[in-house]
Amino acid sequence: MSLLQVQNLNIDFSTTQGVVNVLRDVSFHLNEGEALGLVGESGSGKSVTSLAVFDLLASNAQVRSGQILFRGRNIFGLSEVEKVKIRGSEISMIFQDPMTSLNPCFNVEYQVGEVLRMHQGLEGSSLRDRVIELLAKVGIPDPQSRLKTYPHELSGGMSQRVMIAMAIACSPKILIADEPTTALDVTIQKQILSLLQKLRKETGMSLILVSHDLGVIAQNTDRLLVMYAGEIVEEGRSSDVIQRPLHPYTEGLLKCLPGAYKLEGRQFRLPTIPGIVPNLAERPQGCQLSPRCPYKFQACVNGAIVLGAVGDARHVRCIKEDLHGPA
Amino acid sequence: MLFVFLRKFLLVIPTLIGASLIAFALIRLVPGDPVLNLLGERGGNPQVVAEMRAKLGIDKPLAEQYWIFLKNALHGDLGDSIVSNRPVAEEFWSRFPATLELAGVSLVWSILLGLPLGILAALRRNSALDYSVIGVSLIGYSMPIFWWGLILVIVFSVQLGWFPVSGRLSVFFEVPPKTGFLLVDSLLSEEGWSAFVDAVKHLVLPSIVLGTIPLAVMARMTRSSLLEVLGEDYVRTAKAKGLSWFRVVYVHALRNALIPIVTVVGLMVGALLTGAVLTETIFSWPGIGRWLVKSVEARDYPVIQGGVLYLAFLIVMVNLIVDLTYLWIYPRMRSRT
């Protein structure tokens with residue numbers, strides 16, 4: 001059985017524009033030791049999905065239906081005490097902006113140590129030794145001298161390393177990295193991503209990597225999910241998806257990658273996907289991408305498109321190939 | 001760190017000089033003078049008046065008077081009261097415990113009530129509780145102190161008879177002053193517990209009146225500050241770490257929310273020490289505020305100069321403590337300043 005199974009998750013947000021359906025029938029699974037990518041534009045539901053795994057959604061969010069099974073137990077059915085036990089120890093998370101994700105009032109030792117004190121009851125010198133060990137593990141030079149450092153004295157990359165140290169402190173089964181490198185510059189981005197890979201190999205934990213950057217996802221995950229307007233539009237092994245995207249949206253995302261445009265021959269401008277993500281309060285009829293899709297058929301706007309299986313471990317929410325055959 | 005402290009400390013000097021200069025100048029701008037006040041409306045023999053003026057030193061040029069005042073003040077001598085002939089310092093310290101006791105009790109209850117109310121309102125945002133906290137604190141803040149004091153006296157002292165109308169202690173208690181704080185002295189005296197209860201009863205109404213505005217400010221400030229902090233990324237991190245709700249709010253959020261709250265408490269201490277004038281007058285509380293008001297009426301120059309200088313010094317010290325508290329709460333400021 002999969003480590004994590006998300007089944008038919010529907011999440012609504014109550015906003016000033018009324019109730020907005022943010023996640024629509026999202027289902028996926030995560031295997032032990034696997035790196036799963038979640039890719040999509042801003043507002044596609046990536047972060048909501050990852051926060052839902054923690055049941056840490058904003059107070060205006062409401063889970064309408066569906067469940068998230070972690071080792072067979074539904075997260076939403078757990079008591080607050082049980083959830084608190086899982087968060088940070090069995091499933092942990094790092095965030096987009098490491099500089100604001102660390103508490104400015106407490107030093108590194110306190111913030112990393114807190115997880116260990118809460119979940120493992122470590123105290124005193126064994127706690128300190130473990131913190132030093134963790135800081136060394138995430139590649140912080142001279143960890144001993146960094147213990148009393150406050151977040152404002154750390155660079156962005158260092159802060160993210162501290163966040164990672166905190167996240168892996170209790171050897172979690174799953175680490176969710178929500179745009180872990182978006183706020184960092186490119187060289188640091190690479191270091192952080194390879195650190196995550198290294199840690200995953202060492203500890204055997206599963207990784208959910210959330211990003212809007214298909215390139216980052218492709219290089220760092222085994223399998224990926226493409227999300228659009230709160231729906232999964234494509235799923236498959238990362239290498240397969242990159243080589244042969246089936247959904248027009250995935251195709252659009254791939255074309256948008258700098259570097260990819262050369263393959264297209266005589267193109268001088270980076271291509272973009274025309275239009276914008278639909279306002280979730282006024283969703284389009286049928287396929288959510290239809291207003292922006294270059295292949296649009298009449299059938300696309302007539303009714304909802306289902307996520308259909310294509311061959312082995314591959315799913316796509318598109319009827320293009322059904323109508324025309326493989327492109 | 002030491003440098004920060006030294007710099008803040010050195011800034012105290014110009015502040016005190018400024019305060020003393022303003023107090024010195026303002027009271028002399030007020031029409032009338034202490035000698036004519038002492039001699040009464042009909043005045044006296046011009047020669048006697050001139051002699052008295054010379055004796056008090058107020059016949060000299062203003063600049064020279066200020067210089068003498070400053071020089072003596074530096075030696076710890078603030079002069080004698082023109083009215084009572086006792087040293088200003090002695091008069092100040094005999095009244096200060098009364099003011100401090102009242103201000104302290106008011107501050108403590110307003111914090112003990114305002115902080116949790118603000119936290120509750122923030123955590124139950126947009127609930128009936130939240131709206132009542134906002135509403136009541138707005139009323140508390142807008143209410144004129146003298147009116148509020150009189151209403152309380154009419155209801156609780158005159159009609160219900162629960163609390164005394166004025167003063168610090170009933171006349172039939174004999175409490176020898178040791179510390180000046182009646183809450184302490186009463187327990188040390190022979191009457192002991194019953195005198196203590198009486199002192200507490202005298203404190204209730206004045207401290208409610210004096211603490212009302214601080215309470216309102218505390219509750220509102222805590223609420224808005226905590227609401228802001230609860231939306232921060234590090235609060236989400238704290239939740240994701242698997243911390244209990246209690247730790248998330250009281251350790252991670254509240255510590256950050258304290259910065260504006262500490263600022264407000266600092267300002268309130270200043271306001272409580274000096275702003276007790278109205279409350280002390282309503283309740284005939286023998287403190288600094290009432291003493292200064294009476295001295296202004298009598299044009300008691302040394303008392304006003306000295307009293308203001310003392311208060312200015314205390315307020316500057318409170319501000320210094322507030323600044324140091326920031327550094328303690330918020331490490332980022334240690335490197336900024």
# chains A, B, ... in the order shown; residues from 1 in each chain; ligands from 1
>>> interface_residues(of="chain B", to="chain A", cutoff="8 Å", atoms="only C-alpha atoms", output="compact mmCIF listing (two decimals) with all heavy atoms, in the first residue's frame")
# COMPACT_ATOMS: atom_id res chain seq x y z
N GLU B 232 1.89 35.41 10.05
CA GLU B 232 3.27 35.35 9.56
C GLU B 232 3.67 33.91 9.19
O GLU B 232 3.13 32.95 9.71
CB GLU B 232 4.23 35.86 10.63
CG GLU B 232 4.07 37.33 10.97
CD GLU B 232 4.68 38.23 9.92
OE1 GLU B 232 5.41 37.73 9.05
OE2 GLU B 232 4.42 39.45 9.97
N ASP B 233 4.67 33.84 8.32
CA ASP B 233 5.15 32.52 7.87
C ASP B 233 5.68 31.68 9.03
O ASP B 233 5.48 30.47 9.06
CB ASP B 233 6.29 32.71 6.86
CG ASP B 233 5.76 33.16 5.51
OD1 ASP B 233 4.52 33.13 5.34
OD2 ASP B 233 6.56 33.55 4.65
N TYR B 234 6.36 32.32 9.99
CA TYR B 234 6.98 31.50 11.03
C TYR B 234 5.95 30.88 11.96
O TYR B 234 6.23 29.90 12.64
CB TYR B 234 8.04 32.28 11.82
CG TYR B 234 7.59 33.61 12.34
CD1 TYR B 234 6.78 33.72 13.45
CD2 TYR B 234 7.98 34.78 11.71
CE1 TYR B 234 6.38 34.94 13.92
CE2 TYR B 234 7.59 36.01 12.17
CZ TYR B 234 6.79 36.09 13.28
OH TYR B 234 6.38 37.31 13.74
N VAL B 235 4.75 31.45 11.98
CA VAL B 235 3.68 30.82 12.77
C VAL B 235 3.23 29.54 12.06
O VAL B 235 2.99 28.51 12.70
CB VAL B 235 2.51 31.80 12.98
CG1 VAL B 235 1.32 31.10 13.59
CG2 VAL B 235 2.95 32.94 13.87
N ARG B 236 3.17 29.61 10.73
CA ARG B 236 2.85 28.41 9.95
C ARG B 236 3.93 27.34 10.17
O ARG B 236 3.63 26.16 10.37
CB ARG B 236 2.77 28.78 8.47
CG ARG B 236 2.28 27.66 7.58
CD ARG B 236 2.29 28.07 6.13
NE ARG B 236 3.62 28.55 5.74
CZ ARG B 236 3.88 29.10 4.55
NH1 ARG B 236 2.93 29.25 3.67
NH2 ARG B 236 5.10 29.50 4.27
N THR B 237 5.19 27.80 10.17
CA THR B 237 6.28 26.85 10.44
C THR B 237 6.09 26.19 11.80
O THR B 237 6.24 24.97 11.93
CB THR B 237 7.64 27.58 10.44
OG1 THR B 237 7.75 28.31 9.23
CG2 THR B 237 8.78 26.61 10.57
N LYS B 239 3.41 25.66 13.42
CA LYS B 239 2.34 24.66 13.36
C LYS B 239 2.84 23.41 12.64
O LYS B 239 2.56 22.29 13.07
CB LYS B 239 1.15 25.23 12.60
CG LYS B 239 0.38 26.28 13.35
CD LYS B 239 -0.79 26.73 12.50
CE LYS B 239 -1.43 27.99 13.02
NZ LYS B 239 -2.21 28.66 11.95
N ALA B 240 3.59 23.61 11.55
CA ALA B 240 4.04 22.47 10.76
C ALA B 240 5.06 21.64 11.55
O ALA B 240 5.29 20.48 11.24
CB ALA B 240 4.65 22.95 9.45
N LYS B 241 5.70 22.25 12.56
CA LYS B 241 6.66 21.51 13.36
C LYS B 241 5.95 20.56 14.31
O LYS B 241 6.59 19.76 14.99
CB LYS B 241 7.48 22.48 14.22
CG LYS B 241 8.66 23.10 13.50
CD LYS B 241 9.10 24.35 14.23
CE LYS B 241 10.26 24.11 15.15
NZ LYS B 241 10.79 25.39 15.70
N GLY B 242 4.64 20.70 14.40
CA GLY B 242 3.90 19.83 15.30
C GLY B 242 3.88 20.37 16.72
O GLY B 242 3.84 19.61 17.67
N LEU B 243 3.92 21.70 16.87
CA LEU B 243 3.83 22.26 18.21
C LEU B 243 2.36 22.35 18.60
O LEU B 243 1.49 22.48 17.74
CB LEU B 243 4.45 23.66 18.22
CG LEU B 243 5.91 23.73 17.77
CD1 LEU B 243 6.42 25.14 17.90
CD2 LEU B 243 6.76 22.79 18.60
N SER B 244 2.14 22.30 19.89
CA SER B 244 0.75 22.40 20.35
C SER B 244 0.26 23.81 20.06
O SER B 244 1.04 24.75 19.93
CB SER B 244 0.69 22.14 21.85
OG SER B 244 1.43 23.12 22.54
N HIS B 252 5.56 31.26 20.14
CA HIS B 252 6.04 31.76 18.86
C HIS B 252 5.37 33.06 18.42
O HIS B 252 6.02 33.95 17.91
CB HIS B 252 5.88 30.68 17.78
CG HIS B 252 6.93 29.63 17.88
ND1 HIS B 252 8.07 29.67 17.10
CD2 HIS B 252 7.07 28.56 18.68
CE1 HIS B 252 8.84 28.63 17.41
NE2 HIS B 252 8.25 27.95 18.37
N ARG B 255 5.53 36.29 21.52
CA ARG B 255 6.82 36.95 21.71
C ARG B 255 7.04 38.03 20.65
O ARG B 255 7.51 39.12 20.94
CB ARG B 255 7.92 35.89 21.60
CG ARG B 255 9.31 36.46 21.69
CD ARG B 255 9.95 36.08 22.98
NE ARG B 255 11.30 36.59 23.02
CZ ARG B 255 12.31 35.92 23.54
NH1 ARG B 255 12.12 34.74 24.04
NH2 ARG B 255 13.51 36.46 23.56
N ASN B 256 6.67 37.73 19.42
CA ASN B 256 6.81 38.71 18.36
C ASN B 256 5.78 39.83 18.49
O ASN B 256 6.04 40.96 18.12
CB ASN B 256 6.65 38.04 17.00
CG ASN B 256 7.90 37.27 16.61
OD1 ASN B 256 8.86 37.86 16.14
ND2 ASN B 256 7.89 35.97 16.83
N ILE B 329 13.73 41.09 23.87
CA ILE B 329 12.70 40.33 23.17
C ILE B 329 13.10 40.06 21.72
O ILE B 329 12.90 38.98 21.20
CB ILE B 329 11.37 41.11 23.12
CG1 ILE B 329 10.85 41.41 24.51
CG2 ILE B 329 10.30 40.32 22.36
CD1 ILE B 329 9.57 42.22 24.49
N TYR B 330 13.63 41.08 21.08
CA TYR B 330 13.77 41.02 19.64
C TYR B 330 15.23 41.11 19.23
O TYR B 330 15.78 42.20 19.09
CB TYR B 330 12.97 42.17 19.03
CG TYR B 330 12.45 41.86 17.66
CD1 TYR B 330 11.51 40.86 17.48
CD2 TYR B 330 12.91 42.55 16.55
CE1 TYR B 330 11.03 40.56 16.23
CE2 TYR B 330 12.43 42.26 15.29
CZ TYR B 330 11.49 41.27 15.14
OH TYR B 330 11.02 40.96 13.89
N PRO B 331 15.87 39.97 19.03
CA PRO B 331 17.32 39.94 18.81
C PRO B 331 17.77 40.78 17.62
O PRO B 331 18.88 41.29 17.60
CB PRO B 331 17.60 38.46 18.54
CG PRO B 331 16.42 37.72 18.98
CD PRO B 331 15.26 38.64 18.96
N ARG B 332 16.90 40.92 16.63
CA ARG B 332 17.30 41.65 15.43
C ARG B 332 17.72 43.08 15.76
O ARG B 332 18.60 43.64 15.14
CB ARG B 332 16.16 41.66 14.43
CG ARG B 332 16.53 42.26 13.10
CD ARG B 332 15.40 42.20 12.15
NE ARG B 332 15.19 40.83 11.68
CZ ARG B 332 14.35 40.52 10.71
NH1 ARG B 332 13.64 41.45 10.14
NH2 ARG B 332 14.22 39.29 10.31
>>> residues_around(residues="stretch 188-201 of chain B", least_positions_apart="4", cutoff="8 Å", atoms="only C-alpha atoms", output="list in words")
Phe163, Pro164, Arg168, Leu169, Ser170, Phe173, Glu174, Val175, Pro176, Leu182, Leu183, Val184 and Leu205 of chain B
>>> residues_around(residues="A:Gly77", least_positions_apart="3", cutoff="9 Å", atoms="only C-alpha atoms", output="list in words")
Gln67, Arg73 and Asn74 of chain A
>>> select_by_dssp(residues="stretch 48-213 of chain A", states="alpha helix (DSSP H)", output="NGL selection string")
:A and (48-54 or 80-86 or 98-101 or 108-120 or 124-137 or 143-146 or 156-168 or 186-203)
>>> closest_residue(among="B:Gly270, B:Gly211, B:Pro302, B:Gly118", to="B:Ser225", atoms="only C-alpha atoms")
B:Gly118
>>> residues_around(residues="A:Asn8", least_positions_apart="3", cutoff="7 Å", atoms="only C-alpha atoms", output="short mmCIF file (atom, residue, chain, number, x, y, z; two decimals) with N, CA, C and O atoms, in the first residue's frame")
data_model
loop_
_atom_site.label_atom_id
_atom_site.label_comp_id
_atom_site.auth_asym_id
_atom_site.auth_seq_id
_atom_site.Cartn_x
_atom_site.Cartn_y
_atom_site.Cartn_z
N ASP A 25 -11.57 17.23 -6.87
CA ASP A 25 -11.42 15.80 -7.07
C ASP A 25 -9.96 15.38 -7.28
O ASP A 25 -9.63 14.70 -8.23
N VAL A 26 -9.11 15.83 -6.36
CA VAL A 26 -7.69 15.52 -6.49
C VAL A 26 -7.39 14.15 -5.87
O VAL A 26 -7.73 13.91 -4.72
N SER A 27 -6.81 13.27 -6.64
CA SER A 27 -6.42 11.96 -6.13
C SER A 27 -5.00 11.65 -6.59
O SER A 27 -4.67 11.86 -7.76
N GLY A 66 -13.67 13.79 0.38
CA GLY A 66 -12.39 13.15 0.12
C GLY A 66 -11.62 12.91 1.38
O GLY A 66 -11.98 13.38 2.46
N GLN A 67 -10.55 12.16 1.26
CA GLN A 67 -9.73 11.88 2.43
C GLN A 67 -8.27 11.75 2.06
O GLN A 67 -7.92 11.56 0.89
#
>>> decode(residues="stretch 90-108 of chain B", atoms="N, CA and C atoms", output="PDB file, in the first residue's frame")
ATOM      1  N   GLU B  90      12.486  65.997  49.868  1.00  0.00           N
ATOM      2  CA  GLU B  90      11.797  65.322  50.958  1.00  0.00           C
ATOM      3  C   GLU B  90      10.290  65.279  50.689  1.00  0.00           C
ATOM      4  N   GLU B  91       9.754  66.415  50.238  1.00  0.00           N
ATOM      5  CA  GLU B  91       8.326  66.470  49.929  1.00  0.00           C
ATOM      6  C   GLU B  91       7.978  65.480  48.828  1.00  0.00           C
ATOM      7  N   PHE B  92       8.852  65.431  47.808  1.00  0.00           N
ATOM      8  CA  PHE B  92       8.589  64.540  46.672  1.00  0.00           C
ATOM      9  C   PHE B  92       8.536  63.100  47.133  1.00  0.00           C
ATOM     10  N   TRP B  93       9.587  62.687  47.855  1.00  0.00           N
ATOM     11  CA  TRP B  93       9.669  61.273  48.232  1.00  0.00           C
ATOM     12  C   TRP B  93       8.619  60.884  49.254  1.00  0.00           C
ATOM     13  N   SER B  94       8.084  61.882  50.016  1.00  0.00           N
ATOM     14  CA  SER B  94       7.034  61.513  50.954  1.00  0.00           C
ATOM     15  C   SER B  94       5.727  61.242  50.213  1.00  0.00           C
ATOM     16  N   ARG B  95       5.556  61.841  49.034  1.00  0.00           N
ATOM     17  CA  ARG B  95       4.304  61.643  48.294  1.00  0.00           C
ATOM     18  C   ARG B  95       4.416  60.592  47.206  1.00  0.00           C
ATOM     19  N   PHE B  96       5.649  60.368  46.755  1.00  0.00           N
ATOM     20  CA  PHE B  96       5.807  59.501  45.593  1.00  0.00           C
ATOM     21  C   PHE B  96       5.273  58.080  45.807  1.00  0.00           C
ATOM     22  N   PRO B  97       5.492  57.466  46.977  1.00  0.00           N
ATOM     23  CA  PRO B  97       4.961  56.101  47.157  1.00  0.00           C
ATOM     24  C   PRO B  97       3.455  56.023  46.907  1.00  0.00           C
ATOM     25  N   ALA B  98       2.713  57.060  47.322  1.00  0.00           N
ATOM     26  CA  ALA B  98       1.262  57.038  47.096  1.00  0.00           C
ATOM     27  C   ALA B  98       0.960  56.964  45.608  1.00  0.00           C
ATOM     28  N   THR B  99       1.652  57.810  44.839  1.00  0.00           N
ATOM     29  CA  THR B  99       1.442  57.811  43.392  1.00  0.00           C
ATOM     30  C   THR B  99       1.870  56.487  42.781  1.00  0.00           C
ATOM     31  N   LEU B 100       3.034  56.000  43.217  1.00  0.00           N
ATOM     32  CA  LEU B 100       3.560  54.764  42.635  1.00  0.00           C
ATOM     33  C   LEU B 100       2.647  53.590  42.965  1.00  0.00           C
ATOM     34  N   GLU B 101       2.123  53.586  44.187  1.00  0.00           N
ATOM     35  CA  GLU B 101       1.239  52.497  44.581  1.00  0.00           C
ATOM     36  C   GLU B 101      -0.005  52.482  43.703  1.00  0.00           C
ATOM     37  N   LEU B 102      -0.590  53.652  43.521  1.00  0.00           N
ATOM     38  CA  LEU B 102      -1.798  53.750  42.700  1.00  0.00           C
ATOM     39  C   LEU B 102      -1.496  53.388  41.243  1.00  0.00           C
ATOM     40  N   ALA B 103      -0.415  53.971  40.720  1.00  0.00           N
ATOM     41  CA  ALA B 103      -0.059  53.706  39.319  1.00  0.00           C
ATOM     42  C   ALA B 103       0.270  52.233  39.128  1.00  0.00           C
ATOM     43  N   GLY B 104       1.013  51.676  40.078  1.00  0.00           N
ATOM     44  CA  GLY B 104       1.415  50.273  39.964  1.00  0.00           C
ATOM     45  C   GLY B 104       0.220  49.342  39.942  1.00  0.00           C
ATOM     46  N   VAL B 105      -0.694  49.557  40.905  1.00  0.00           N
ATOM     47  CA  VAL B 105      -1.873  48.691  40.958  1.00  0.00           C
ATOM     48  C   VAL B 105      -2.688  48.839  39.670  1.00  0.00           C
ATOM     49  N   SER B 106      -2.863  50.082  39.213  1.00  0.00           N
ATOM     50  CA  SER B 106      -3.643  50.307  37.988  1.00  0.00           C
ATOM     51  C   SER B 106      -2.997  49.607  36.807  1.00  0.00           C
ATOM     52  N   LEU B 107      -1.678  49.753  36.705  1.00  0.00           N
ATOM     53  CA  LEU B 107      -0.973  49.160  35.571  1.00  0.00           C
ATOM     54  C   LEU B 107      -1.082  47.637  35.606  1.00  0.00           C
ATOM     55  N   VAL B 108      -0.871  47.087  36.799  1.00  0.00           N
ATOM     56  CA  VAL B 108      -0.888  45.627  36.908  1.00  0.00           C
ATOM     57  C   VAL B 108      -2.253  45.077  36.509  1.00  0.00           C
TER      58      VAL B 108
END
